[in-house]
Amino acid sequence: MGYARGLVKYSTQNAVNQRWSGADILRHVLRPRVLVYSGILLAVVVVMLVSLALRSPFKVDVVRDRSTLSRITEEGTLENVYRLQIMNAAEHAQTYHLKVKGLPNIKITTDTDVLVEPAQARWVVLRADIPYGSVPSGSHKIEFEVQALGTDEVAIEKSVFIVPR
């Protein structure tokens with residue numbers, strides 16, 4: 001079109017006024033402060049991507065039901081009630097299998113398979129029983145094992161089983 005060369009370009013007013021060359025502009029852009037900030041931004045992005053890749057597909061929280069302490073059931077067993085929150089971080093519905101261990105003959109008397117919808121959390125009331133008199137009174141450590149069926153993913157949460165005097 002006959003216009004002067006360099007009339008339209010990507011630059012700043014300061015670079016045009018001082019007639020900086022391409023090397024001058026590059027030297028100005030690659031200052032230590034810009035390099036440090038770029039390195040920090042790159043590190044944050046890498047950490048975020050690694051944590052996203054290594055995240056657990058589900059989480060479990062165990063809360064002892066404080067409204068009901070230990071009680072003796074009609075079958076003659078000692079029962080403690082727990083509330084488990086199972087959080088499914090997967091993109092599909094998942095069934096989880098619940099187990100309890102830590103005391104002899106401890107068992108779950110409620111449903112042991114729980115379906116949780118994708119990207120949802122579900123509270124589950126769980127009752128754990130032991131034969132009455134099988135362990136001394138006090139607080140005994142137990143573990144809840146939650147396994148996603150069809151996978152090797154397992155979450156283990158610790159709690160206590162209360163045996164009254």
# chains A, B, ... in the order shown; residues from 1 in each chain; ligands from 1
$ select_by_dssp --residues "region 76-157 of chain A" --states "strand (DSSP E)" --output "PyMOL selection string"
chain A and resi 77-88+94-101+107-108+113-116+121-131+138-148+154-157
$ closest_atom_pairs --of "region 62-145 of chain A" --to "region 152-156 of chain A" --cutoff "12 Å" --atoms "only C-alpha atoms" --output "Markdown table"
| residue | atom | partner | partner_atom | distance |
| --- | --- | --- | --- | --- |
| A:Val62 | CA | A:Ile156 | CA | 9.9 |
| A:Leu84 | CA | A:Ile156 | CA | 11.6 |
| A:Gln85 | CA | A:Ala155 | CA | 11.9 |
| A:Ile86 | CA | A:Ala155 | CA | 9.9 |
| A:Met87 | CA | A:Ala155 | CA | 11.1 |
| A:Asn88 | CA | A:Glu153 | CA | 11.8 |
| A:Ala90 | CA | A:Glu153 | CA | 11.8 |
| A:Gln94 | CA | A:Glu153 | CA | 11.4 |
| A:Thr95 | CA | A:Glu153 | CA | 11.7 |
| A:Tyr96 | CA | A:Val154 | CA | 9.3 |
| A:His97 | CA | A:Val154 | CA | 9.5 |
| A:Leu98 | CA | A:Ala155 | CA | 9.8 |
| A:Lys99 | CA | A:Ile156 | CA | 9.5 |
| A:Val100 | CA | A:Ile156 | CA | 9.5 |
| A:Lys101 | CA | A:Ile156 | CA | 10.3 |
| A:Gly102 | CA | A:Ile156 | CA | 11.9 |
| A:Ile142 | CA | A:Ile156 | CA | 10.2 |
| A:Glu143 | CA | A:Ile156 | CA | 6.5 |
| A:Phe144 | CA | A:Ile156 | CA | 5.6 |
| A:Glu145 | CA | A:Ile156 | CA | 4.6 |
$ write_last_selection --atoms "C-alpha atoms" --output "short mmCIF file (atom, residue, chain, number, x, y, z; two decimals), in the first residue's frame"
data_model
loop_
_atom_site.label_atom_id
_atom_site.label_comp_id
_atom_site.auth_asym_id
_atom_site.auth_seq_id
_atom_site.Cartn_x
_atom_site.Cartn_y
_atom_site.Cartn_z
CA VAL A 62 -16.08 -41.21 60.30
CA LEU A 84 -19.69 -42.22 57.65
CA GLN A 85 -19.50 -39.54 55.01
CA ILE A 86 -18.42 -41.02 51.69
CA MET A 87 -17.42 -38.45 49.06
CA ASN A 88 -17.27 -39.71 45.47
CA ALA A 90 -15.29 -39.73 40.26
CA GLN A 94 -19.66 -45.88 42.48
CA THR A 95 -20.60 -48.62 44.92
CA TYR A 96 -18.50 -48.88 48.08
CA HIS A 97 -18.10 -51.89 50.37
CA LEU A 98 -17.74 -51.21 54.12
CA LYS A 99 -15.74 -53.34 56.58
CA VAL A 100 -14.73 -52.89 60.20
CA LYS A 101 -11.82 -54.48 62.05
CA GLY A 102 -9.85 -54.05 65.24
CA ILE A 142 -11.08 -49.85 65.40
CA GLU A 143 -10.69 -49.17 61.67
CA PHE A 144 -13.29 -48.74 58.97
CA GLU A 145 -12.19 -49.94 55.54
#
$ closest_residue --among "A:Val45, A:Ile40, A:Val60, A:Leu26" --to "Trp123 (chain A)" --atoms "only C-alpha atoms"
A:Val60
$ residues_around --residues "Ile72 (chain A)" --least-positions-apart "6" --cutoff "8 Å" --atoms "only C-alpha atoms" --output "list in words"
Leu78, Glu79 and Tyr132 of chain A
$ residues_around --residues "Asn105 (chain A)" --least-positions-apart "3" --cutoff "9 Å" --atoms "only C-alpha atoms" --output "PyMOL selection string"
chain A and resi 101+129-131+134
$ closest_atom_pairs --of "region 130-152 of chain A" --to "region 159-162 of chain A" --cutoff "6 Å" --atoms "only C-alpha atoms" --output "CSV"
residue,atom,partner,partner_atom,distance
A:Gly138,CA,A:Ile162,CA,5.9
A:Ser139,CA,A:Ile162,CA,4.7
A:His140,CA,A:Phe161,CA,5.1
A:Lys141,CA,A:Val160,CA,4.5
A:Ile142,CA,A:Val160,CA,5.4
$ closest_residue --among "A:Leu49, A:Ala128, A:Arg19, A:Leu41" --to "Pro104 (chain A)" --atoms "only C-alpha atoms"
A:Ala128
$ residues_around --residues "Leu7 (chain A)" --least-positions-apart "5" --cutoff "12 Å" --atoms "only C-alpha atoms" --output "ChimeraX atom specification"
/A:1-2,16
